Number of protein chains: 2
Amino acid sequence: MTGNPSRIRPGLHASLRDHFGDRYSTAAAVRDHHGKDDSHHPAIPPDGVVFAHSTEDVAFTVRSCARHATPVIPFGAGSSIEGHVQAVRGGISIDMSGMNRVLAIRPEDLDATVEAGVTRMRLEGELRGTGLFFPVDPGADATLGGMAATAASGTTTVRYGAMRDNVISLTAVLANGEVVRTGGRARKSSAGYDLTNLLVGSEGTLGVITELTVRLHPVPEAMAAAVCAFPGMEEAVRSVVEAVQLGIPVARAELLDATAMRAVNGHSGFACVESPTLFFEFHGSEEEVRSHGALIEEISRGLGGTAFAYARRQRERARLWKARHDAYPALLGLRPGCHGLTTDVCVPVSRLARCIAESEEDMKTASMPWGVVGHVGDGNFHAVFIIDPNSETELAEAEAINERIVRRALAMEGTCTGEHGVGMGKMRYLRDEFGAAGLAAMRAVKAALDPQGIMNPGKVVG
Amino acid sequence: MTGNPSRIRPGLHASLRDHFGDRYSTAAAVRDHHGKDDSHHPAIPPDGVVFAHSTEDVAFTVRSCARHATPVIPFGAGSSIEGHVQAVRGGISIDMSGMNRVLAIRPEDLDATVEAGVTRMRLEGELRGTGLFFPVDPGADATLGGMAATAASGTTTVRYGAMRDNVISLTAVLANGEVVRTGGRARKSSAGYDLTNLLVGSEGTLGVITELTVRLHPVPEAMAAAVCAFPGMEEAVRSVVEAVQLGIPVARAELLDATAMRAVNGHSGFACVESPTLFFEFHGSEEEVRSHGALIEEISRGLGGTAFAYARRQRERARLWKARHDAYPALLGLRPGCHGLTTDVCVPVSRLARCIAESEEDMKTASMPWGVVGHVGDGNFHAVFIIDPNSETELAEAEAINERIVRRALAMEGTCTGEHGVGMGKMRYLRDEFGAAGLAAMRAVKAALDPQGIMNPGKVVG
């Protein structure tokens, strides 16, 4: 599927071509690539793609689009999964992957400044040998700009927080083409309105993030991972919730259901028990890692956990977490050629076991395969429905189940999305989550900062 | 000094009197009390004061004021220190102290929901026996609503974060009188724009916070405090910065200069060495507390720290922290009848020693007494100038020094205010801190959410 190039106003087309030369493309293959993400949402290509190399490139593009009242859609790694990059009203996609410079690493302040197209693994590589790491780990090798734009989180959020907790300040281009820096590098500030957190999670609808200053954390002296199988989902969830309630600072606590374990065994050559399983990680001094592990083992055994196995060496741990991160492709591999529709509710931890149990009753009615993975310590889980991309029925069926799961989570004082963002897929839930007054306030902010509605339109608040 | 009651439009006056009866006052003493905070800023009384008991009381007041285009100023404990509560354009003050119910404490989710008028110590009292505590501790017994509105922090922020990190969601009344709930109770969310963080730090200029859901933390198994004196400020600062850079999770690390120590000795009956001194606290297991303390002691001694003394018993620790919290009144006590003008810059920690050293050169030119206290682990310090309230010269002199300190902090990628907020006192610095484009974006948000400009006008962005 391709967009209609005639939607580009000729003046804009010429202006971008003149300015960017080969770094502006309207080739069908390039447009198609920039019109889709890693989700079930159908591709909607933009009318042209600018490959930005600098904040000024982005500002020029936004100013040009503003003059022609044409949408602007930032594109990072394309790894989002709620239809964030689709050009639903046409327009120009800005590919940020060329803005991939790590601008500064400051061990003395535990921070780093990067261009928005730097990926998580790229930063990890640059940090090797510094004794520091950047903790937010959504699995995919997303760009940090995209992770900030979707307020992403991941497996270590239970200990180190989400993007919101780890972004100190941003540089962004607003709808009027102006460049703003949302703050300095102080660890805290009470100065003015919090533009940083307004842009984090705004999914390109209020501005294009071009640089980020992020917090780094000292690599712990010791780390160990552990795997534990449980008789049922409830016992697994309760183990983690008890640990969180006791204040045991687990660094990771990830749940995979029996289906996800079957998929992981096949995909990663594991031979784990195919029942609900927790993957843990412990960080700290040797003594802390030992004591956190022992406490978790005791809690887990008390709830029927078996086969509690440690992975202490770096290589073993890396293999374990690669397997966990590959759970999504592994699940898709259970039904080749299919797409994933992924739910993302997050509820207060005390309600998570009930939320999952009741939601599984809904899932069991599904005609297609599904599996569950969860960031249990945060109260967040994903049901992944593996759907035939050509079946409207399956899509409708999975969406209806997702809707029931979301309604349940909202009734439990949770959220429709813990970490994937709203995109196109969850816009319909915002009124229920924030009320008419809350949604109206968000729309007022959007109208104030983007009066023409050119910034990634058709996402978040419309 | 009193405002001019004729500024109240008669219809508004009658409407509030009819609705609230005795809970609406225009008595001069009541108005005077609500026109000033704990700072050097002169009192500017409102035209009337509503004593709110519910979110609906606040909504009624805001709707009434909106109909009459009259300013609304929230008032908590009056403990702010940048002129947040002064009725610079007249209007109605809403006293929140009657909204003092703790609505829910949920140990299973490590959170609590409180009305905005609940004070920090009130919540501390309610939490006794639950094994949980609320960490943000600005010293004063402020209301939690006021602490959220100013994005406050305090002595434990180095370990547990500021209000921004500990507010999960809010209920607030917007300028149109609508009540919004900014989120549920999930530990993370990517749903929509972050209205919670937009209101945190907005100082009543975007809405009146009426309820908060906040994070609680498990009371650590063990705690110990320690005091250590240093030959100079630089060595003291460098001790903490080294600890932070090494990732030692100190729970508190507070600096007092020689003058502040002299004031504290006099005020609290201490007999400490009157040289730059750090007050530490360590939280964790017995083993962690011992090891954090030993590491800090080693670092401190390496930098010339002497008289490293522990306070392990609860009573000793409480006495120590009361003395630290009383440093502000103790400093004011050095010159009876005088007011404090307090600076609040915060810089990247690696630059703190230089920022303080260079700023002390400025302070030494002052004709009035001054002292320094600092939340060193955050990169934040306060110079307290003890000024004669009747001397325009002293005020101008202290403000000129503050301006030099702020310019220096901004040049170091810091902020003009780490935790006190902008109020009336720091509005002039926002353009330098955020640039014209950043300030314009903040003003656009303000205009969108408060088109009549009735919400605490003359503060933050004007």
# chains A, B, ... in the order shown; residues from 1 in each chain; ligands from 1
call {"tool": "calpha_fit_and_write", "arguments": {"fixed": "chain A", "moving": "chain B", "output": "compact mmCIF listing (two decimals) with C-alpha atoms, in the first residue's frame"}}
result
# COMPACT_ATOMS: atom_id res chain seq x y z
CA MET B 1 -0.03 0.04 0.01
CA THR B 2 1.32 3.47 -0.86
CA GLY B 3 0.03 6.97 -0.18
CA ASN B 4 -0.96 9.39 -2.85
CA PRO B 5 2.09 11.51 -3.78
CA SER B 6 -0.18 14.24 -5.08
CA ARG B 7 -0.87 15.16 -1.46
CA ILE B 8 2.58 16.77 -1.32
CA ARG B 9 2.22 20.37 -2.30
CA PRO B 10 4.66 21.02 -5.14
CA GLY B 11 6.34 23.92 -3.34
CA LEU B 12 7.15 21.76 -0.31
CA HIS B 13 8.44 18.95 -2.49
CA ALA B 14 10.78 21.32 -4.34
CA SER B 15 11.91 23.03 -1.17
CA LEU B 16 12.89 19.76 0.55
CA ARG B 17 14.56 18.42 -2.61
CA ASP B 18 16.56 21.64 -3.04
CA HIS B 19 17.65 21.71 0.55
CA PHE B 20 18.36 18.03 1.22
CA GLY B 21 19.21 16.63 -2.23
CA ASP B 22 19.63 12.86 -1.89
CA ARG B 23 18.59 13.03 1.74
CA TYR B 24 14.99 13.63 0.65
CA SER B 25 13.28 10.67 -0.95
CA THR B 26 9.87 10.00 -2.44
CA ALA B 27 10.80 6.51 -3.67
CA ALA B 28 8.01 4.02 -3.02
CA ALA B 29 10.26 1.54 -1.20
CA VAL B 30 11.56 4.25 1.14
CA ARG B 31 8.07 5.57 1.80
CA ASP B 32 6.71 2.08 2.41
CA HIS B 33 9.47 1.34 4.92
CA HIS B 34 8.63 4.51 6.85
CA GLY B 35 4.89 3.84 6.92
CA LYS B 36 4.91 0.87 9.26
CA ASP B 37 6.14 -0.29 12.65
CA ASP B 38 6.46 -3.70 14.35
CA SER B 39 2.73 -4.06 14.99
CA HIS B 40 -0.43 -5.35 13.33
CA HIS B 41 -1.37 -1.80 12.27
CA PRO B 42 -1.47 -1.58 8.47
CA ALA B 43 1.22 0.46 6.72
CA ILE B 44 0.34 4.02 5.67
CA PRO B 45 3.39 5.49 3.89
CA PRO B 46 4.28 9.18 4.11
CA ASP B 47 4.56 11.29 0.96
CA GLY B 48 8.28 11.80 1.38
CA VAL B 49 11.11 11.05 3.79
CA VAL B 50 13.82 13.43 5.02
CA PHE B 51 16.97 11.81 6.41
CA ALA B 52 17.94 14.29 9.13
CA HIS B 53 21.53 14.74 10.27
CA SER B 54 21.04 17.61 12.69
CA THR B 55 18.55 19.54 14.78
CA GLU B 56 18.72 22.23 12.12
CA ASP B 57 17.69 19.67 9.46
CA VAL B 58 14.65 18.83 11.58
CA ALA B 59 13.86 22.51 12.16
CA PHE B 60 14.11 23.25 8.42
CA THR B 61 11.76 20.36 7.64
CA VAL B 62 9.21 21.37 10.27
CA ARG B 63 9.30 25.02 9.16
CA SER B 64 8.81 23.96 5.56
CA CYS B 65 5.94 21.66 6.45
CA ALA B 66 4.36 24.36 8.65
CA ARG B 67 4.37 26.79 5.72
CA HIS B 68 2.50 24.19 3.68
CA ALA B 69 0.27 22.94 6.54
CA THR B 70 1.68 19.46 5.94
CA PRO B 71 2.06 16.75 8.60
CA VAL B 72 5.46 15.82 10.06
CA ILE B 73 6.06 12.31 11.45
CA PRO B 74 9.28 11.43 13.30
CA PHE B 75 10.66 7.94 12.57
CA GLY B 76 13.29 6.28 14.78
CA ALA B 77 13.90 2.53 14.50
CA GLY B 78 10.31 1.68 13.52
CA SER B 79 10.11 -0.66 16.51
CA SER B 80 7.01 0.85 18.09
CA ILE B 81 3.87 -1.26 18.20
CA GLU B 82 0.85 1.01 18.35
CA GLY B 83 0.93 2.60 14.91
CA HIS B 84 2.98 5.66 15.86
CA VAL B 85 4.66 6.21 12.48
CA GLN B 86 1.83 5.69 10.03
CA ALA B 87 1.14 8.78 7.90
CA VAL B 88 -2.59 8.75 8.50
CA ARG B 89 -2.99 12.21 6.98
CA GLY B 90 -0.03 12.00 4.63
CA GLY B 91 2.99 14.26 5.09
CA ILE B 92 6.72 14.04 5.55
CA SER B 93 8.45 11.42 7.67
CA ILE B 94 11.70 12.54 9.32
CA ASP B 95 14.08 9.60 9.61
CA MET B 96 16.19 10.23 12.73
CA SER B 97 18.57 7.29 12.34
CA GLY B 98 21.31 9.51 10.93
CA MET B 99 21.31 11.55 14.13
CA ASN B 100 23.32 8.86 15.85
CA ARG B 101 26.12 10.68 17.63
CA VAL B 102 26.79 10.22 21.33
CA LEU B 103 27.58 13.85 22.11
CA ALA B 104 28.92 13.51 25.65
CA ILE B 105 29.37 10.91 28.36
CA ARG B 106 30.02 12.48 31.74
CA PRO B 107 30.93 9.86 34.34
CA GLU B 108 31.43 12.64 36.91
CA ASP B 109 27.74 13.59 36.63
CA LEU B 110 26.34 10.15 35.76
CA ASP B 111 24.77 11.50 32.59
CA ALA B 112 25.11 11.41 28.81
CA THR B 113 23.83 13.55 25.96
CA VAL B 114 22.92 11.80 22.73
CA GLU B 115 21.24 12.58 19.44
CA ALA B 116 17.73 11.17 19.21
CA GLY B 117 18.66 8.50 16.63
CA VAL B 118 21.17 6.77 18.91
CA THR B 119 19.87 3.31 19.71
CA ARG B 120 19.90 1.71 23.12
CA MET B 121 22.57 -0.84 22.08
CA ARG B 122 24.71 1.86 20.45
CA LEU B 123 24.77 3.76 23.75
CA GLU B 124 25.47 0.51 25.62
CA GLY B 125 28.48 -0.02 23.35
CA GLU B 126 29.79 3.51 23.92
CA LEU B 127 29.45 3.09 27.69
CA ARG B 128 31.53 -0.10 27.78
CA GLY B 129 34.50 0.41 30.05
CA THR B 130 33.09 3.49 31.79
CA GLY B 131 31.60 1.51 34.68
CA LEU B 132 28.21 3.05 33.85
CA PHE B 133 25.09 1.84 32.09
CA PHE B 134 21.80 3.19 30.79
CA PRO B 135 19.07 1.09 32.34
CA VAL B 136 15.92 1.45 30.23
CA ASP B 137 15.63 -1.71 28.17
CA PRO B 138 12.44 -2.26 26.16
CA GLY B 139 13.87 -5.31 24.41
CA ALA B 140 13.92 -3.90 20.87
CA ASP B 141 16.97 -1.91 19.80
CA ALA B 142 14.89 1.26 19.71
CA THR B 143 16.26 4.78 19.34
CA LEU B 144 16.46 6.78 22.54
CA GLY B 145 14.41 9.53 20.89
CA GLY B 146 11.67 7.04 20.11
CA MET B 147 11.87 5.59 23.62
CA ALA B 148 11.45 9.08 25.09
CA ALA B 149 8.62 9.93 22.68
CA THR B 150 6.64 6.85 23.75
CA ALA B 151 7.60 7.04 27.46
CA ALA B 152 9.02 3.55 27.08
CA SER B 153 10.17 1.32 29.89
CA GLY B 154 11.28 -2.27 30.13
CA THR B 155 12.67 -5.13 32.10
CA THR B 156 14.71 -3.05 34.59
CA THR B 157 12.05 -0.42 35.28
CA VAL B 158 11.06 -2.09 38.55
CA ARG B 159 14.47 -1.01 39.91
CA TYR B 160 15.74 1.87 37.74
CA GLY B 161 12.54 3.52 36.46
CA ALA B 162 11.17 4.24 33.00
CA MET B 163 12.28 6.80 30.39
CA ARG B 164 10.37 9.45 32.33
CA ASP B 165 12.64 8.82 35.32
CA ASN B 166 15.82 8.71 33.28
CA VAL B 167 15.51 11.66 30.88
CA ILE B 168 16.98 14.79 32.45
CA SER B 169 16.24 17.17 29.58
CA LEU B 170 15.58 17.29 25.86
CA THR B 171 16.18 19.37 22.78
CA ALA B 172 13.14 19.41 20.53
CA VAL B 173 11.78 21.19 17.47
CA LEU B 174 8.27 22.54 18.06
CA ALA B 175 5.52 22.94 15.46
CA ASN B 176 6.58 26.52 14.74
CA GLY B 177 10.08 25.31 13.83
CA GLU B 178 11.61 26.78 17.00
CA VAL B 179 14.24 24.74 18.85
CA VAL B 180 13.73 24.40 22.60
CA ARG B 181 16.01 22.99 25.24
CA THR B 182 13.76 21.89 28.07
CA GLY B 183 16.32 22.19 30.85
CA GLY B 184 19.94 21.89 31.87
CA ARG B 185 21.64 18.96 33.55
CA ALA B 186 20.81 19.55 37.22
CA ARG B 187 19.44 16.44 38.93
CA LYS B 188 16.31 18.31 39.96
CA SER B 189 14.61 21.61 39.16
CA SER B 190 11.48 23.54 40.14
CA ALA B 191 11.84 26.09 37.34
CA GLY B 192 8.77 26.63 35.18
CA TYR B 193 6.46 24.11 33.57
CA ASP B 194 7.92 20.66 32.98
CA LEU B 195 8.41 20.72 29.21
CA THR B 196 10.63 17.64 29.48
CA ASN B 197 7.83 15.44 30.78
CA LEU B 198 5.33 17.10 28.45
CA LEU B 199 7.42 15.94 25.46
CA VAL B 200 8.26 12.54 26.95
CA GLY B 201 5.30 10.39 25.93
CA SER B 202 3.93 12.92 23.42
CA GLU B 203 4.76 10.57 20.51
CA GLY B 204 5.83 13.33 18.14
CA THR B 205 2.51 15.14 18.46
CA LEU B 206 3.94 18.18 20.30
CA GLY B 207 7.45 18.32 18.87
CA VAL B 208 10.29 16.29 17.39
CA ILE B 209 12.87 15.26 19.99
CA THR B 210 16.37 15.74 18.52
CA GLU B 211 18.68 15.36 21.54
CA LEU B 212 18.38 13.87 25.03
CA THR B 213 20.35 14.11 28.22
CA VAL B 214 19.85 10.89 30.17
CA ARG B 215 20.86 9.53 33.55
CA LEU B 216 23.48 6.81 33.78
CA HIS B 217 23.86 4.39 36.66
CA PRO B 218 26.98 2.72 38.06
CA VAL B 219 27.34 -0.88 36.91
CA PRO B 220 26.67 -2.90 40.06
CA GLU B 221 29.55 -4.71 41.68
CA ALA B 222 27.70 -8.01 41.32
CA MET B 223 24.80 -9.32 39.27
CA ALA B 224 23.02 -12.65 39.15
CA ALA B 225 20.00 -13.91 37.28
CA ALA B 226 17.66 -16.70 38.28
CA VAL B 227 14.80 -18.63 36.74
CA CYS B 228 11.95 -20.17 38.66
CA ALA B 229 8.96 -22.16 37.38
CA PHE B 230 5.55 -22.02 39.08
CA PRO B 231 2.45 -24.21 39.11
CA GLY B 232 0.27 -21.28 37.95
CA MET B 233 0.31 -17.64 36.90
CA GLU B 234 -1.13 -16.44 40.18
CA GLU B 235 1.68 -17.92 42.29
CA ALA B 236 4.29 -16.44 39.96
CA VAL B 237 2.73 -12.97 40.10
CA ARG B 238 2.29 -13.12 43.87
CA SER B 239 6.00 -13.94 44.35
CA VAL B 240 7.05 -10.71 42.68
CA VAL B 241 4.36 -8.60 44.27
CA GLU B 242 5.41 -9.83 47.72
CA ALA B 243 9.03 -8.98 46.93
CA VAL B 244 8.09 -5.48 45.79
CA GLN B 245 5.88 -4.94 48.83
CA LEU B 246 8.78 -5.98 51.09
CA GLY B 247 11.03 -3.48 49.34
CA ILE B 248 13.46 -6.08 47.99
CA PRO B 249 15.11 -4.12 45.17
CA VAL B 250 14.97 -6.77 42.43
CA ALA B 251 16.57 -5.42 39.25
CA ARG B 252 14.37 -7.44 36.92
CA ALA B 253 11.31 -9.67 37.47
CA GLU B 254 9.81 -10.92 34.24
CA LEU B 255 6.94 -13.33 33.80
CA LEU B 256 6.41 -15.67 30.85
CA ASP B 257 3.36 -17.91 30.66
CA ALA B 258 3.49 -21.54 29.53
CA THR B 259 2.92 -20.62 25.87
CA ALA B 260 5.68 -18.00 25.93
CA MET B 261 8.02 -20.56 27.54
CA ARG B 262 7.20 -23.08 24.81
CA ALA B 263 7.95 -20.41 22.20
CA VAL B 264 11.21 -19.42 23.92
CA ASN B 265 12.34 -23.04 24.26
CA GLY B 266 11.86 -23.49 20.52
CA HIS B 267 13.31 -20.13 19.47
CA SER B 268 16.31 -19.99 21.82
CA GLY B 269 17.11 -23.69 22.25
CA PHE B 270 16.17 -23.72 25.93
CA ALA B 271 14.81 -26.78 27.69
CA CYS B 272 12.88 -25.09 30.46
CA VAL B 273 9.73 -26.44 32.09
CA GLU B 274 6.80 -25.15 30.02
CA SER B 275 4.86 -23.61 32.87
CA PRO B 276 4.60 -19.99 34.12
CA THR B 277 8.14 -18.85 34.80
CA LEU B 278 9.85 -15.85 36.37
CA PHE B 279 13.17 -14.50 35.14
CA PHE B 280 14.87 -12.50 37.92
CA GLU B 281 17.97 -10.36 38.11
CA PHE B 282 19.66 -9.08 41.26
CA HIS B 283 22.11 -6.15 41.36
CA GLY B 284 24.28 -4.87 44.19
CA SER B 285 27.28 -5.85 46.25
CA GLU B 286 28.11 -9.57 46.36
CA GLU B 287 26.38 -9.69 49.73
CA GLU B 288 23.26 -7.85 48.51
CA VAL B 289 22.92 -10.06 45.44
CA ARG B 290 23.20 -13.13 47.62
CA SER B 291 20.68 -11.86 50.14
CA HIS B 292 18.15 -10.58 47.54
CA GLY B 293 18.40 -13.93 45.74
CA ALA B 294 17.91 -15.90 48.95
CA LEU B 295 14.87 -13.82 49.93
CA ILE B 296 13.29 -14.25 46.50
CA GLU B 297 14.03 -17.95 46.50
CA GLU B 298 12.33 -18.28 49.88
CA ILE B 299 9.25 -16.34 48.74
CA SER B 300 9.07 -18.31 45.48
CA ARG B 301 9.39 -21.71 47.13
CA GLY B 302 6.71 -20.70 49.61
CA LEU B 303 4.38 -20.16 46.66
CA GLY B 304 5.21 -23.44 44.96
CA GLY B 305 8.11 -22.24 42.79
CA THR B 306 10.45 -25.03 41.67
CA ALA B 307 13.60 -25.41 39.62
CA PHE B 308 15.05 -22.17 41.06
CA ALA B 309 18.24 -21.91 39.01
CA TYR B 310 20.88 -19.19 39.08
CA ALA B 311 22.85 -17.79 36.16
CA ARG B 312 25.81 -15.94 37.58
CA ARG B 313 28.24 -15.70 34.67
CA GLN B 314 27.87 -12.82 32.27
CA ARG B 315 27.45 -15.14 29.28
CA GLU B 316 24.73 -17.20 30.90
CA ARG B 317 22.90 -14.05 31.99
CA ALA B 318 23.15 -12.54 28.51
CA ARG B 319 21.73 -15.74 26.99
CA LEU B 320 18.84 -15.71 29.45
CA TRP B 321 17.92 -12.09 28.77
CA LYS B 322 18.29 -12.50 25.03
CA ALA B 323 15.79 -15.36 25.28
CA ARG B 324 13.42 -13.17 27.30
CA HIS B 325 13.77 -10.30 24.82
CA ASP B 326 13.14 -12.66 21.94
CA ALA B 327 9.83 -13.79 23.46
CA TYR B 328 7.90 -11.53 21.07
CA PRO B 329 9.44 -12.86 17.84
CA ALA B 330 9.42 -16.35 19.39
CA LEU B 331 5.66 -16.09 19.96
CA LEU B 332 5.14 -14.82 16.40
CA GLY B 333 7.20 -17.82 15.24
CA LEU B 334 4.49 -20.14 16.62
CA ARG B 335 2.38 -19.11 13.61
CA PRO B 336 4.63 -18.07 10.72
CA GLY B 337 3.54 -15.11 8.61
CA CYS B 338 1.37 -13.66 11.34
CA HIS B 339 1.44 -10.33 13.20
CA GLY B 340 1.22 -9.54 16.90
CA LEU B 341 -1.52 -7.53 18.55
CA THR B 342 -0.19 -6.70 21.97
CA THR B 343 -2.08 -5.45 25.01
CA ASP B 344 -0.23 -3.26 27.51
CA VAL B 345 -2.33 -2.55 30.57
CA CYS B 346 -0.68 -1.68 33.88
CA VAL B 347 -2.47 -1.82 37.24
CA PRO B 348 -1.58 -1.31 40.91
CA VAL B 349 0.54 -4.33 41.82
CA SER B 350 -1.92 -5.61 44.41
CA ARG B 351 -4.48 -6.10 41.62
CA LEU B 352 -2.19 -7.65 39.04
CA ALA B 353 -2.83 -11.32 39.87
CA ARG B 354 -6.59 -10.81 39.63
CA CYS B 355 -6.28 -8.70 36.50
CA ILE B 356 -4.25 -11.38 34.73
CA ALA B 357 -6.46 -14.23 35.96
CA GLU B 358 -9.68 -12.55 34.82
CA SER B 359 -8.08 -11.45 31.55
CA GLU B 360 -6.93 -15.00 30.84
CA GLU B 361 -10.58 -16.04 30.92
CA ASP B 362 -11.14 -13.52 28.09
CA MET B 363 -8.05 -14.71 26.22
CA LYS B 364 -9.16 -18.31 26.40
CA THR B 365 -12.10 -17.43 24.17
CA ALA B 366 -9.70 -16.39 21.39
CA SER B 367 -9.60 -18.48 18.21
CA MET B 368 -5.95 -17.60 17.53
CA PRO B 369 -2.84 -18.45 19.61
CA TRP B 370 -1.72 -16.05 22.33
CA GLY B 371 0.89 -15.83 25.06
CA VAL B 372 1.55 -13.60 28.06
CA VAL B 373 4.73 -11.81 29.10
CA GLY B 374 4.84 -9.36 31.97
CA HIS B 375 6.89 -6.77 33.80
CA VAL B 376 5.31 -8.02 36.98
CA GLY B 377 7.03 -5.72 39.46
CA ASP B 378 5.52 -2.71 37.68
CA GLY B 379 2.01 -4.22 37.46
CA ASN B 380 2.34 -4.37 33.66
CA PHE B 381 1.71 -7.34 31.36
CA HIS B 382 1.30 -7.97 27.65
CA ALA B 383 -1.05 -10.48 26.05
CA VAL B 384 0.30 -11.12 22.56
CA PHE B 385 -2.35 -12.31 20.09
CA ILE B 386 -0.83 -13.90 17.00
CA ILE B 387 -3.17 -12.87 14.23
CA ASP B 388 -3.46 -13.55 10.52
CA PRO B 389 -2.80 -10.19 8.83
CA ASN B 390 -5.43 -10.99 6.20
CA SER B 391 -8.19 -11.84 8.65
CA GLU B 392 -10.45 -8.96 9.62
CA THR B 393 -12.28 -11.36 11.93
CA GLU B 394 -9.19 -12.25 13.94
CA LEU B 395 -8.24 -8.58 14.24
CA ALA B 396 -11.73 -7.67 15.46
CA GLU B 397 -11.73 -10.60 17.88
CA ALA B 398 -8.34 -9.67 19.39
CA GLU B 399 -9.34 -6.00 19.60
CA ALA B 400 -12.54 -6.89 21.40
CA ILE B 401 -10.59 -8.93 23.96
CA ASN B 402 -8.10 -6.09 24.35
CA GLU B 403 -10.99 -3.72 25.00
CA ARG B 404 -12.26 -5.96 27.80
CA ILE B 405 -8.77 -6.11 29.30
CA VAL B 406 -8.43 -2.33 29.14
CA ARG B 407 -11.84 -1.70 30.74
CA ARG B 408 -10.89 -4.09 33.55
CA ALA B 409 -7.53 -2.35 34.10
CA LEU B 410 -9.17 1.10 34.18
CA ALA B 411 -11.71 -0.14 36.73
CA MET B 412 -8.71 -1.24 38.83
CA GLU B 413 -7.23 2.32 38.69
CA GLY B 414 -4.73 1.22 36.04
CA THR B 415 -3.83 2.53 32.61
CA CYS B 416 -4.54 1.34 29.06
CA THR B 417 -0.81 1.52 28.28
CA GLY B 418 2.08 0.99 30.67
CA GLU B 419 4.86 1.50 28.15
CA HIS B 420 3.89 1.18 24.48
CA GLY B 421 2.07 4.48 24.14
CA VAL B 422 -1.24 5.44 22.60
CA GLY B 423 -0.41 5.73 18.90
CA MET B 424 -3.45 5.04 16.75
CA GLY B 425 -4.38 1.92 18.68
CA LYS B 426 -5.44 3.27 22.07
CA MET B 427 -6.86 6.72 21.33
CA ARG B 428 -10.34 5.45 22.02
CA TYR B 429 -9.47 4.71 25.67
CA LEU B 430 -8.17 8.12 26.74
CA ARG B 431 -11.59 9.59 27.49
CA ASP B 432 -12.33 6.74 29.91
CA GLU B 433 -8.90 6.97 31.47
CA PHE B 434 -8.76 10.75 31.98
CA GLY B 435 -12.41 11.82 31.70
CA ALA B 436 -13.76 14.45 29.36
CA ALA B 437 -12.07 17.26 31.32
CA GLY B 438 -8.66 15.56 31.24
CA LEU B 439 -8.87 14.83 27.53
CA ALA B 440 -10.02 18.41 26.88
CA ALA B 441 -6.99 19.71 28.80
CA MET B 442 -4.67 17.53 26.70
CA ARG B 443 -6.34 18.77 23.51
CA ALA B 444 -5.98 22.38 24.67
CA VAL B 445 -2.24 21.82 25.18
CA LYS B 446 -2.00 20.20 21.73
CA ALA B 447 -3.86 23.09 20.07
CA ALA B 448 -1.68 25.64 21.87
CA LEU B 449 1.62 24.07 20.80
CA ASP B 450 0.49 22.83 17.37
CA PRO B 451 -2.31 25.12 16.18
CA GLN B 452 -2.22 23.75 12.61
CA GLY B 453 -2.28 20.15 13.82
CA ILE B 454 0.74 19.16 11.72
CA MET B 455 2.71 17.19 14.34
CA ASN B 456 2.06 13.46 13.84
CA PRO B 457 -1.69 13.99 13.46
CA GLY B 458 -4.16 11.21 14.16
CA LYS B 459 -2.22 9.94 17.18
CA VAL B 460 -2.70 10.32 20.96
CA VAL B 461 -5.39 13.04 21.13
CA GLY B 462 -6.27 13.13 17.40
call {"tool": "select_by_dssp", "arguments": {"residues": "stretch 140-281 of chain A", "states": "strand (DSSP E or B)", "output": "JSON, numbers by chain"}}
result
{"A": [143, 167, 168, 169, 170, 171, 172, 173, 174, 179, 180, 181, 207, 208, 209, 210, 211, 212, 213, 214, 215, 217, 218, 222, 223, 224, 225, 226, 227, 228, 229, 252, 253, 254, 255, 256, 277, 278, 279, 280, 281]}
call {"tool": "select_by_dssp", "arguments": {"residues": "stretch 225-462 of chain B", "states": "helix (DSSP H, G or I)", "output": "VMD selection string"}}
result
chain B and resid 233 to 245 258 to 268 286 to 302 314 to 325 327 to 333 349 to 363 376 to 378 392 to 411 427 to 449
call {"tool": "decode", "arguments": {"residues": "stretch 288-292 of chain B", "atoms": "N, CA and C atoms", "output": "compact mmCIF listing (two decimals), in the first residue's frame"}}
result
# COMPACT_ATOMS: atom_id res chain seq x y z
N GLU B 288 24.22 -3.19 55.10
CA GLU B 288 24.34 -2.09 54.14
C GLU B 288 24.67 -0.77 54.86
N VAL B 289 23.95 -0.53 55.96
CA VAL B 289 24.18 0.70 56.71
C VAL B 289 25.62 0.77 57.19
N ARG B 290 26.10 -0.38 57.68
CA ARG B 290 27.49 -0.43 58.14
C ARG B 290 28.45 -0.16 56.98
N SER B 291 28.18 -0.81 55.85
CA SER B 291 29.14 -0.68 54.74
C SER B 291 29.06 0.70 54.10
N HIS B 292 27.84 1.27 53.94
CA HIS B 292 27.74 2.64 53.40
C HIS B 292 28.47 3.62 54.33
